[in-house]
Structure formats: C-alpha cells, structure tokens
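A.B. asks: My questions all concern the structure below.
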Amino acid sequence: MPYTPSMDPAKVRTLAEWGALFKADGKPNDVIELMDQENTLLDDILWKEATDYDGNRTALRVKLPAVYWRRLYRGTDVGKSMVTMVKDPVAMMEARSVIDAKLLQIHQSQAKAYRETEARAFMEAMRQELAVAVFYGDIKGNPDGIHGLDPRYAYKNAPNVVDAGGGGSECASMWGVVWGDNDVMGIFPKDSPAGLSHRDLGEEAAFDENGREFRAVKDLYEWNVGLSVRDWRSVVRICNLPVESLTLKKGDEGFVDLHRLTIIAKNRIPPEKRPRLRWYVNQDIMTALELQATDAGNVTLVYHKEDSRPAGPLFKSYSVAELHGAPVRQCDALLTTEQALEAV
C-alpha cells in the first residue's frame, strides 16, 4: 500500500497539540495567526479568464509600418506592421490536509472548529505562496509554477528598470504595477472558476509508513492561476536598493534618494496609465519612504483614509500612503536578500 506523506509528524497533530487548540470547556481557543503576512497585492489584482486551458495568448504589435512623404507623380512603397504572439502559462497550486478520523471522533464536538481553523491556515499559506510567485516565480527554475515579474525585468539597464546603485546579495526592489485587462492581470484557465477552492473529500483510506491502513478525513485546496503581462510598459521596477542604506538621512554618505528614484520610475509608465498605478514595497522600503517624507520640502508621500476594505471591528477606515498620487502597498513577499541585477 502507498505511504501517505501527510502522516509525517511535521504535517499532522498529536493529541497534545490538538488539546492546545481548545479550552477546558471544549470551546476553541483564539489562535493568534503569527504567520499571516501583509500582501494586499492580492486584493489589487484584476482577474480574467485565459484564452486557453493552459495559458493566455496575447498578440503584441512589435513594429509599426513604414510611412513616407510623397511628391506628385511619385509612388510610395508598401508597408506593414509586425505582430508577435506571447503565451503566459497557468499553473496548478494544491494543498492537502489529512486528519485521522479517530481523532475527530474522540473530539467530536470540536471537530468542526478545528477543521475551520486549519482551512484558514491552508488558505493563508496559498495566498502567501501566490504573492511570492507573482514577483519571483520563474518557469525556467520551476516549470510547474507561474512566471512572475522578476524574470521579466531582470536587467538593471532594461527599459522599465531603474537602478538604485546597490550591489551584493542584500538588495531590495520597489515595484510599480498597473492592473488591467490590457496591462497586467491575473488569469485562470478557460472554462474554469476563478479563485481558491476547497473540497471536502470526506473519509477515505490512508496509509502509514509501513503501508498499514487507517481511516482519515481529507481536504483538498486548489488554485489554478497565472500572471499575464500584456503590456511591458505597465510595470516599473526600482532595483538594487541597498537595504542597509535605506535608513540613512539626506546628506549622509550612501543616502538612497527614494524621492528622485520614484519620480524617474513613475515617468517610465505611459501618462494615461499612471492614474491606475500601484506601488509595492517591503517593510524596510515603506519605513524609508516615511522617514524621508519628514524631510523639509518632501511632499511626495501623503496619507488618506480608505474605506474600500474593512479594517476590522474597531476601525471604520485606515490610512493609506500615496506616492505621487498612487497608493503604496506593503507586501511581505518582497525580499531584502535579492542579488543585485547586472546589465544585459
């Protein structure tokens, strides 16, 4: 019989661990989700059904036709444009939960609450995995995954990449993205539902490392997803930001002028697209932006109240930073250990 990998001790709960989830009266403890991350990126992404079952095809015009100045009684040559086809892949993300049916039977009154809190943990893990993949996914290294932004903007002298001048392996990037069906969008397979799905597989046979059978309750979590960059001008990257220098003050040696860099970066985005621009930064860059905003005369970072997403039972709204008129989102998926980009 096949061994069920989910029965690895690191992937299942003991009776003692089970008990830690509940109070003496049998009611569930409030689990403080220390592993949750701030990835509002996923709230910004616009989703569209892909053209195919395994990806999305985009026709890109890469060359305009030649045009001519004509004089009387002279003809002109024929011209034509050039179009190429690009296909962005859709990948399948899955996670499985296996719980010994006897454990649920022993703690029958707590079974539903336990499975609900586990479901939340699985879905948060998948959200974090997708957030990382949106930036760092590379089908060359992982052909089963999605192709993210990092490998598409991988050189410091690329058209929509701004070099901050850092080097080594402790660099960070700041991203500006315009979401839209002709810009950058999330995709899901043709004729398929969008979003993360959960299936209760019920009670089935499972097997331990010795091939011995036991009954288990199983859950399957699935997310069929991809990323399509239909217009490369809709993304800008500020790369090679030296993390250790981000907290320096203006006038200090090695100071990183985020005000100057972000002006250069946002002007790489076509003017008609800038109203829909969103900035994505990690915690260190967010802190640096706010510290630099305290300098006299620096008014590029402002705050306003946003009510579009609930902030919780105690607050009706929360403050959102705006840089050059575009919201700034903190995204914990962005690393502080990027290798500095080189020139092509």
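All residue names refer to the structure tokens as shown: chains lettered A, B, ... in order, residues numbered from 1 in each chain, ligands numbered from 1 in order.
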Return as a ChimeraX atom specification the full set of residues in region 72-256 of chain A whose backbone-based DSSP assignment is alpha helix (DSSP H).

C.D. replies: /A:101-106,111-136

A.B. asks: Just N, CA and C atoms for this one: save the residues we selected as a compact mmCIF listing (two decimals), in the first residue's frame.

C.D. replies:
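out-v8.txt, freshly written:
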```
# COMPACT_ATOMS: atom_id res chain seq x y z
N ALA A 101 -9.35 10.02 11.30
CA ALA A 101 -10.78 10.06 11.60
C ALA A 101 -11.05 9.76 13.07
N LYS A 102 -10.21 8.94 13.70
CA LYS A 102 -10.40 8.62 15.11
C LYS A 102 -10.21 9.86 15.98
N LEU A 103 -9.27 10.72 15.59
CA LEU A 103 -9.04 11.94 16.34
C LEU A 103 -10.28 12.82 16.32
N LEU A 104 -10.92 12.93 15.16
CA LEU A 104 -12.15 13.71 15.07
C LEU A 104 -13.29 13.06 15.83
N GLN A 105 -13.30 11.74 15.86
CA GLN A 105 -14.35 11.03 16.58
C GLN A 105 -14.21 11.24 18.09
N ILE A 106 -12.97 11.21 18.58
CA ILE A 106 -12.73 11.40 20.02
C ILE A 106 -13.15 12.81 20.45
N ALA A 111 -14.59 19.05 16.38
CA ALA A 111 -14.10 18.70 15.05
C ALA A 111 -14.33 19.82 14.04
N LYS A 112 -15.53 20.40 14.03
CA LYS A 112 -15.84 21.43 13.04
C LYS A 112 -14.97 22.66 13.23
N ALA A 113 -14.81 23.09 14.48
CA ALA A 113 -13.99 24.28 14.75
C ALA A 113 -12.55 24.05 14.35
N TYR A 114 -12.05 22.86 14.61
CA TYR A 114 -10.67 22.53 14.27
C TYR A 114 -10.46 22.58 12.76
N ARG A 115 -11.37 21.97 12.02
CA ARG A 115 -11.21 21.94 10.56
C ARG A 115 -11.33 23.34 9.96
N GLU A 116 -12.14 24.19 10.58
CA GLU A 116 -12.27 25.56 10.08
C GLU A 116 -10.99 26.35 10.28
N THR A 117 -10.35 26.21 11.44
CA THR A 117 -9.12 26.96 11.68
C THR A 117 -7.98 26.42 10.82
N GLU A 118 -7.98 25.12 10.54
CA GLU A 118 -6.99 24.55 9.63
C GLU A 118 -7.19 25.06 8.21
N ALA A 119 -8.45 25.19 7.80
CA ALA A 119 -8.74 25.69 6.46
C ALA A 119 -8.21 27.10 6.29
N ARG A 120 -8.36 27.92 7.32
CA ARG A 120 -7.85 29.29 7.25
C ARG A 120 -6.33 29.29 7.08
N ALA A 121 -5.66 28.41 7.81
CA ALA A 121 -4.20 28.34 7.72
C ALA A 121 -3.76 27.90 6.32
N PHE A 122 -4.44 26.91 5.75
CA PHE A 122 -4.08 26.44 4.41
C PHE A 122 -4.27 27.55 3.38
N MET A 123 -5.39 28.28 3.49
CA MET A 123 -5.66 29.32 2.51
C MET A 123 -4.69 30.48 2.64
N GLU A 124 -4.29 30.80 3.87
CA GLU A 124 -3.29 31.86 4.05
C GLU A 124 -1.94 31.42 3.47
N ALA A 125 -1.59 30.16 3.65
CA ALA A 125 -0.34 29.66 3.07
C ALA A 125 -0.35 29.76 1.55
N MET A 126 -1.48 29.48 0.94
CA MET A 126 -1.58 29.56 -0.52
C MET A 126 -1.53 31.01 -0.99
N ARG A 127 -2.13 31.91 -0.24
CA ARG A 127 -2.07 33.33 -0.59
C ARG A 127 -0.63 33.82 -0.54
N GLN A 128 0.09 33.41 0.49
CA GLN A 128 1.49 33.82 0.60
C GLN A 128 2.32 33.24 -0.53
N GLU A 129 2.08 31.99 -0.87
CA GLU A 129 2.81 31.35 -1.96
C GLU A 129 2.56 32.08 -3.28
N LEU A 130 1.31 32.47 -3.53
CA LEU A 130 1.00 33.18 -4.76
C LEU A 130 1.64 34.56 -4.78
N ALA A 131 1.62 35.26 -3.66
CA ALA A 131 2.23 36.59 -3.60
C ALA A 131 3.72 36.52 -3.94
N VAL A 132 4.41 35.52 -3.41
CA VAL A 132 5.83 35.33 -3.74
C VAL A 132 6.00 35.04 -5.22
N ALA A 133 5.14 34.16 -5.76
CA ALA A 133 5.25 33.76 -7.16
C ALA A 133 4.97 34.91 -8.11
N VAL A 134 4.08 35.82 -7.76
CA VAL A 134 3.79 36.96 -8.62
C VAL A 134 5.06 37.76 -8.89
N PHE A 135 5.92 37.87 -7.88
CA PHE A 135 7.16 38.60 -8.06
C PHE A 135 8.32 37.71 -8.52
N TYR A 136 8.49 36.55 -7.87
CA TYR A 136 9.72 35.79 -8.08
C TYR A 136 9.54 34.47 -8.84
```

A.B. asks: Which residues are near His147 (chain A)? Cut-off 8 Å, only C-alpha atoms, ignore same chain within fewer than 5 positions. Put them as a list in words.

C.D. replies: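 Final neighbour list, sorted by chain and number: Asp88, Pro89, Ala133, Val134, Tyr136, Gly137, Asp138, Ile139, Gly226 and Leu227 of chain A.
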
A.B. asks: Give me, as a ChimeraX atom specification, all polymer residues having an atom no more than 12 Å from Ala164 (chain A), counting only C-alpha atoms and skipping those fewer than 4 positions away in the same chain.

C.D. replies: /A:156-157,171-174,237-243,245-246,254-262,264-265,340-342

A.B. asks: In terms of the shortest atom-to-atom distance over only C-alpha atoms, which of A:Leu201, A:Asp150, A:Ser228, A:Thr300 is closest to Ile263 (chain A)?

C.D. replies: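 For Ile263 (chain A), the nearest of the given residues is A:Thr300.
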
A.B. asks: Ranking A:Met85, A:Val62, A:Val90, A:Ala154 by minimum distance to Pro189 (chain A) and counting only C-alpha atoms, which one comes first?

C.D. replies: A:Val90

A.B. asks: List as a list in words the protein and nucleic acid residues near region 322-329 of chain A, meaning an atom at most 6 Å away when only C-alpha atoms are counted, but skip any in the same chain fewer than 2 places from it.

C.D. replies: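 Contacts, with the query itself left out: Leu277, Arg278, Trp279, Tyr280, Thr300, Leu301, Val302 and Tyr303 of chain A.
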
A.B. asks: Could you please determine the separation between CA of Leu334 (chain A) and CA of Thr40 (chain A) in Å, to one decimal place?

C.D. replies: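 We find that CA of Leu334 (chain A) and CA of Thr40 (chain A) lie 12.1 Å from each other.
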
A.B. asks: Quick one: of A:Phe214, A:Tyr221, A:Trp232, A:Tyr73, who's nearest to Ser97 (chain A), counting only C-alpha atoms?

C.D. replies: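 Nearest to Ser97 (chain A): A:Tyr221.
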
A.B. asks: As an MDAnalysis selection string, please: the residues near Ser192 (chain A) (cut-off 9 Å, only C-alpha atoms, same-chain neighbours under 3 positions excluded).

C.D. replies: chainID A and resid 49 53 188:189 224

A.B. asks: Env of Glu94 (chain A): 7 Å cut, atoms = only C-alpha atoms, seq-sep filter 2 positions within chain, self excluded. Answer as a PyMOL selection string.

C.D. replies: chain A and resi 92+96+221-223

A.B. asks: Write out the residues from the selection above, keeping C-alpha atoms, as an mmCIF file, in the first residue's frame.

C.D. replies:
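Output saved as part_24.cif:
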```cif
data_model
loop_
_atom_site.group_PDB
_atom_site.id
_atom_site.type_symbol
_atom_site.label_atom_id
_atom_site.label_comp_id
_atom_site.auth_asym_id
_atom_site.auth_seq_id
_atom_site.Cartn_x
_atom_site.Cartn_y
_atom_site.Cartn_z
ATOM 1 C CA MET A 92 -1.957 24.453 -10.590
ATOM 2 C CA ARG A 96 -3.952 18.595 1.071
ATOM 3 C CA TYR A 221 -7.299 23.088 -1.630
ATOM 4 C CA GLU A 222 -6.773 24.186 -5.245
ATOM 5 C CA TRP A 223 -5.880 27.398 -7.041
#
```

A.B. asks: So that I can check the surroundings of Asp181 (chain A), please list as number ranges by chain every protein, DNA and RNA residue that reaches within 10 Å of it, counting only C-alpha atoms and ignoring chain neighbours fewer than 2 positions away.

C.D. replies: A: 46-48, 178-179, 183-187, 228-231

A.B. asks: Using N, CA and C atoms, can you export the residues from the last selection as a CSV table (one decimal), in the first residue's frame?

C.D. replies:
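Everything below was put into again01.csv:
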```csv
chain,number,residue,atom,x,y,z
A,46,LEU,N,-6.5,42.2,-10.8
A,46,LEU,CA,-7.7,42.0,-11.6
A,46,LEU,C,-7.6,40.7,-12.3
A,47,TRP,N,-8.6,39.9,-12.3
A,47,TRP,CA,-8.6,38.5,-12.9
A,47,TRP,C,-9.4,38.4,-14.1
A,48,LYS,N,-8.9,37.6,-15.0
A,48,LYS,CA,-9.6,37.4,-16.3
A,48,LYS,C,-9.5,35.9,-16.7
A,178,VAL,N,0.5,48.5,-13.0
A,178,VAL,CA,-0.8,49.0,-13.4
A,178,VAL,C,-1.6,47.7,-13.8
A,179,TRP,N,-2.7,47.5,-13.0
A,179,TRP,CA,-3.5,46.3,-13.3
A,179,TRP,C,-4.6,46.7,-14.3
A,183,ASP,N,-3.1,45.5,-19.5
A,183,ASP,CA,-1.9,45.9,-18.8
A,183,ASP,C,-1.3,44.6,-18.1
A,184,VAL,N,-1.5,44.5,-16.8
A,184,VAL,CA,-1.1,43.3,-16.1
A,184,VAL,C,-2.3,42.7,-15.4
A,185,MET,N,-2.5,41.4,-15.5
A,185,MET,CA,-3.7,40.8,-14.9
A,185,MET,C,-3.4,39.4,-14.4
A,186,GLY,N,-4.2,38.9,-13.4
A,186,GLY,CA,-4.2,37.5,-13.1
A,186,GLY,C,-5.1,36.8,-14.0
A,187,ILE,N,-4.7,35.5,-14.3
A,187,ILE,CA,-5.5,34.7,-15.2
A,187,ILE,C,-5.8,33.4,-14.6
A,228,SER,N,-0.4,37.4,-16.4
A,228,SER,CA,-0.2,37.8,-17.8
A,228,SER,C,0.2,39.3,-17.8
A,229,VAL,N,1.4,39.6,-18.4
A,229,VAL,CA,1.9,40.9,-18.6
A,229,VAL,C,1.6,41.3,-20.1
A,230,ARG,N,0.5,41.9,-20.3
A,230,ARG,CA,0.1,42.2,-21.7
A,230,ARG,C,0.8,43.4,-22.3
A,231,ASP,N,1.2,44.3,-21.4
A,231,ASP,CA,2.0,45.5,-21.9
A,231,ASP,C,3.1,45.7,-20.9
```

A.B. asks: For a quick check of understanding, using only C-alpha atoms, which of A:Met93, A:Ile45, A:Val83, A:Ala216 has the smallest distance to Arg276 (chain A)?

C.D. replies: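 Smallest separation from Arg276 (chain A) among the options: A:Ile45.
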